[in-house]
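As structure tokens, the structure follows; a few thoughts come after it.
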Amino acid sequence: HVVGGVSADHYSNGSFINCHNSGAVSVEGIAATTGGMVDANNLQVGGVTAYYHPYRQNADQIGEWIGCTNTGNISIKNIKVASYVMIGGVLGYNQDRGASSTNFKDCGNSGELLMENISAGKNSFEIAGIVAYNADSESSFTGELVNTGNIIAKNVTTMASKTYIGGILGYTVKPIANAKSYCNIEAIGLKGKVGMIMGIAYASGTKATNCSVGG
């Protein structure tokens, strides 16, 4: 299941420039089981876009995310998901597509991210104020990324060994700079890694520089 405030699933070449969502994004009561439709086992939600995986032919083609913001609250309740969960204030999942290169610049979120009564499967579980899961090894983060939306996880259980919550990024393979995370993160009883900037920096050399945090 793929749910986005502006676009749910972006597969073709293209960029998001000055895209804004102010409407509430709500997902409630989905039961996903194995063997269903494509992505039926997964839940990806983004304030702007849930799933971004453009296919580009060469390294000269760059996908841009510039000046995109979400101010709408995101509410995920009463859900059982068999596999992946990726919830981002701006983008849920940025996938690595070979020659792709994605630049995020001056994006922000001020909407609350609320997850309540969720049972998740054994694969990855990520929540973040800007991008939940960044798997693009050629991506970059420039300008300012700002999150002021609180992240709340209530009665959330997961069998995933990879459980990451970040004020800006949940999981990332690329470094970040000039990010501002001014939010509260509440994840009582949820086992995993929590960071005000990143949940986890998964690749060597991935770090946060010149960033500031506050609740």
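Chain labels run A, B, ... following the order of the structure tokens; each chain numbers its residues from 1, and ligands are numbered from 1 in the order shown.
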Query raised in the report: Hey, what's within 12 Å of Gly189 (chain A) if we count only C-alpha atoms and toss same-chain stuff fewer than 4 positions away? As an MDAnalysis selection string, please?
Result: chainID A and resid 152:158 193
Query raised in the report: Could you pull the residues within 7 Å of region 126-142 of chain A, counting only C-alpha atoms, minus those fewer than 2 positions along the same chain, as a ChimeraX atom specification?
Result: /A:85-96,100-105,108-109,124,144,147,149,163-174,176-177
Restricting the output to N, CA, C and O atoms, write the selected residues as a short mmCIF file (atom, residue, chain, number, x, y, z; two decimals), in the first residue's frame.
```cif
data_model
loop_
_atom_site.label_atom_id
_atom_site.label_comp_id
_atom_site.auth_asym_id
_atom_site.auth_seq_id
_atom_site.Cartn_x
_atom_site.Cartn_y
_atom_site.Cartn_z
N VAL A 85 7.72 -1.17 6.41
CA VAL A 85 6.98 0.04 6.80
C VAL A 85 7.93 1.22 6.69
O VAL A 85 8.99 1.24 7.33
N MET A 86 7.57 2.22 5.87
CA MET A 86 8.40 3.41 5.66
C MET A 86 7.49 4.63 5.67
O MET A 86 6.72 4.84 4.73
N ILE A 87 7.59 5.44 6.72
CA ILE A 87 6.71 6.60 6.90
C ILE A 87 7.56 7.86 6.98
O ILE A 87 8.37 8.01 7.91
N GLY A 88 7.42 8.77 6.00
CA GLY A 88 8.22 10.00 6.00
C GLY A 88 7.35 11.24 5.92
O GLY A 88 6.33 11.25 5.22
N GLY A 89 7.77 12.29 6.60
CA GLY A 89 7.03 13.54 6.56
C GLY A 89 6.96 14.12 5.16
O GLY A 89 5.95 14.71 4.76
N VAL A 90 8.03 13.95 4.38
CA VAL A 90 8.06 14.41 2.98
C VAL A 90 8.04 13.21 2.03
O VAL A 90 7.22 13.14 1.12
N LEU A 91 8.95 12.25 2.24
CA LEU A 91 9.07 11.09 1.35
C LEU A 91 9.23 9.82 2.17
O LEU A 91 10.01 9.79 3.12
N GLY A 92 8.51 8.77 1.76
CA GLY A 92 8.64 7.51 2.46
C GLY A 92 9.88 6.73 2.06
O GLY A 92 10.73 6.41 2.89
N TYR A 93 10.03 6.46 0.75
CA TYR A 93 11.10 5.57 0.28
C TYR A 93 11.75 6.16 -0.96
O TYR A 93 11.10 6.38 -1.98
N ASN A 94 13.05 6.43 -0.87
CA ASN A 94 13.85 6.85 -2.02
C ASN A 94 14.72 5.67 -2.42
O ASN A 94 15.71 5.36 -1.78
N GLN A 95 14.36 5.02 -3.52
CA GLN A 95 15.01 3.80 -3.93
C GLN A 95 16.22 4.06 -4.82
O GLN A 95 16.24 5.01 -5.60
N ASP A 96 17.22 3.20 -4.70
CA ASP A 96 18.40 3.25 -5.57
C ASP A 96 18.04 2.60 -6.90
O ASP A 96 17.65 1.43 -6.95
N SER A 100 20.67 6.44 -11.07
CA SER A 100 19.95 7.57 -10.47
C SER A 100 20.82 8.40 -9.55
O SER A 100 21.79 7.93 -8.97
N SER A 101 20.48 9.66 -9.45
CA SER A 101 21.13 10.57 -8.52
C SER A 101 20.08 11.58 -8.08
O SER A 101 19.53 12.31 -8.90
N THR A 102 19.77 11.61 -6.80
CA THR A 102 18.68 12.44 -6.30
C THR A 102 19.22 13.48 -5.33
O THR A 102 19.92 13.13 -4.38
N ASN A 103 18.89 14.74 -5.57
CA ASN A 103 19.32 15.83 -4.70
C ASN A 103 18.13 16.39 -3.94
O ASN A 103 17.13 16.78 -4.54
N PHE A 104 18.25 16.42 -2.61
CA PHE A 104 17.23 17.01 -1.76
C PHE A 104 17.74 18.35 -1.25
O PHE A 104 18.83 18.43 -0.68
N LYS A 105 16.96 19.41 -1.46
CA LYS A 105 17.40 20.74 -1.07
C LYS A 105 16.23 21.54 -0.50
O LYS A 105 15.17 21.63 -1.12
N GLY A 108 11.07 20.58 3.99
CA GLY A 108 10.70 20.64 5.39
C GLY A 108 9.38 19.98 5.70
O GLY A 108 8.53 19.77 4.83
N ASN A 109 9.22 19.64 6.97
CA ASN A 109 7.98 19.05 7.47
C ASN A 109 7.63 19.67 8.82
O ASN A 109 8.48 19.82 9.69
N SER A 124 12.26 -4.23 7.31
CA SER A 124 12.64 -2.96 7.91
C SER A 124 11.43 -2.10 8.30
O SER A 124 10.35 -2.21 7.73
N GLU A 144 18.88 23.52 3.43
CA GLU A 144 18.40 23.19 4.77
C GLU A 144 17.27 22.17 4.68
O GLU A 144 16.36 22.28 3.86
N ASN A 147 12.73 19.78 10.18
CA ASN A 147 11.55 19.09 10.69
C ASN A 147 11.16 19.64 12.06
O ASN A 147 11.99 19.67 12.97
N GLY A 149 7.85 18.65 13.09
CA GLY A 149 6.71 17.80 13.39
C GLY A 149 7.07 16.69 14.35
O GLY A 149 8.05 15.96 14.14
N THR A 163 14.97 -1.39 12.76
CA THR A 163 13.93 -0.45 13.18
C THR A 163 14.60 0.88 13.51
O THR A 163 15.36 0.97 14.47
N TYR A 164 14.33 1.91 12.68
CA TYR A 164 15.04 3.17 12.81
C TYR A 164 14.06 4.35 12.76
O TYR A 164 13.20 4.41 11.88
N ILE A 165 14.22 5.26 13.70
CA ILE A 165 13.41 6.48 13.72
C ILE A 165 14.36 7.67 13.76
O ILE A 165 15.28 7.73 14.58
N GLY A 166 14.13 8.64 12.86
CA GLY A 166 14.99 9.82 12.81
C GLY A 166 14.20 11.10 12.66
O GLY A 166 13.17 11.12 11.97
N GLY A 167 14.66 12.16 13.29
CA GLY A 167 14.00 13.45 13.13
C GLY A 167 14.03 13.94 11.70
O GLY A 167 13.10 14.60 11.23
N ILE A 168 15.10 13.61 10.97
CA ILE A 168 15.24 13.99 9.55
C ILE A 168 15.21 12.76 8.65
O ILE A 168 14.37 12.65 7.76
N LEU A 169 16.12 11.82 8.87
CA LEU A 169 16.22 10.60 8.07
C LEU A 169 16.13 9.38 8.98
O LEU A 169 16.74 9.35 10.05
N GLY A 170 15.39 8.36 8.52
CA GLY A 170 15.35 7.12 9.29
C GLY A 170 16.56 6.25 9.00
O GLY A 170 17.35 5.93 9.88
N TYR A 171 16.70 5.88 7.74
CA TYR A 171 17.81 5.06 7.25
C TYR A 171 18.43 5.80 6.08
O TYR A 171 17.72 6.25 5.18
N THR A 172 19.76 5.92 6.07
CA THR A 172 20.40 6.59 4.94
C THR A 172 21.78 6.02 4.68
O THR A 172 22.47 5.56 5.60
N VAL A 173 22.16 6.04 3.41
CA VAL A 173 23.50 5.60 3.02
C VAL A 173 24.36 6.78 2.59
O VAL A 173 25.47 6.59 2.09
N LYS A 174 23.84 8.00 2.77
CA LYS A 174 24.58 9.20 2.39
C LYS A 174 24.58 10.20 3.55
O LYS A 174 23.65 10.26 4.34
N ILE A 176 24.56 13.89 5.64
CA ILE A 176 23.64 15.02 5.64
C ILE A 176 24.29 16.19 6.36
O ILE A 176 25.08 16.01 7.29
N ALA A 177 23.97 17.40 5.92
CA ALA A 177 24.50 18.61 6.54
C ALA A 177 23.40 19.67 6.60
O ALA A 177 22.44 19.65 5.84
#
```
Query raised in the report: Pick from A:Gly215, A:Gly63, A:Gly199, A:Gly47: nearest to Asn184 (chain A), with only C-alpha atoms counted?
Result: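 With only C-alpha atoms as the atom set, the closest residue is A:Gly215.
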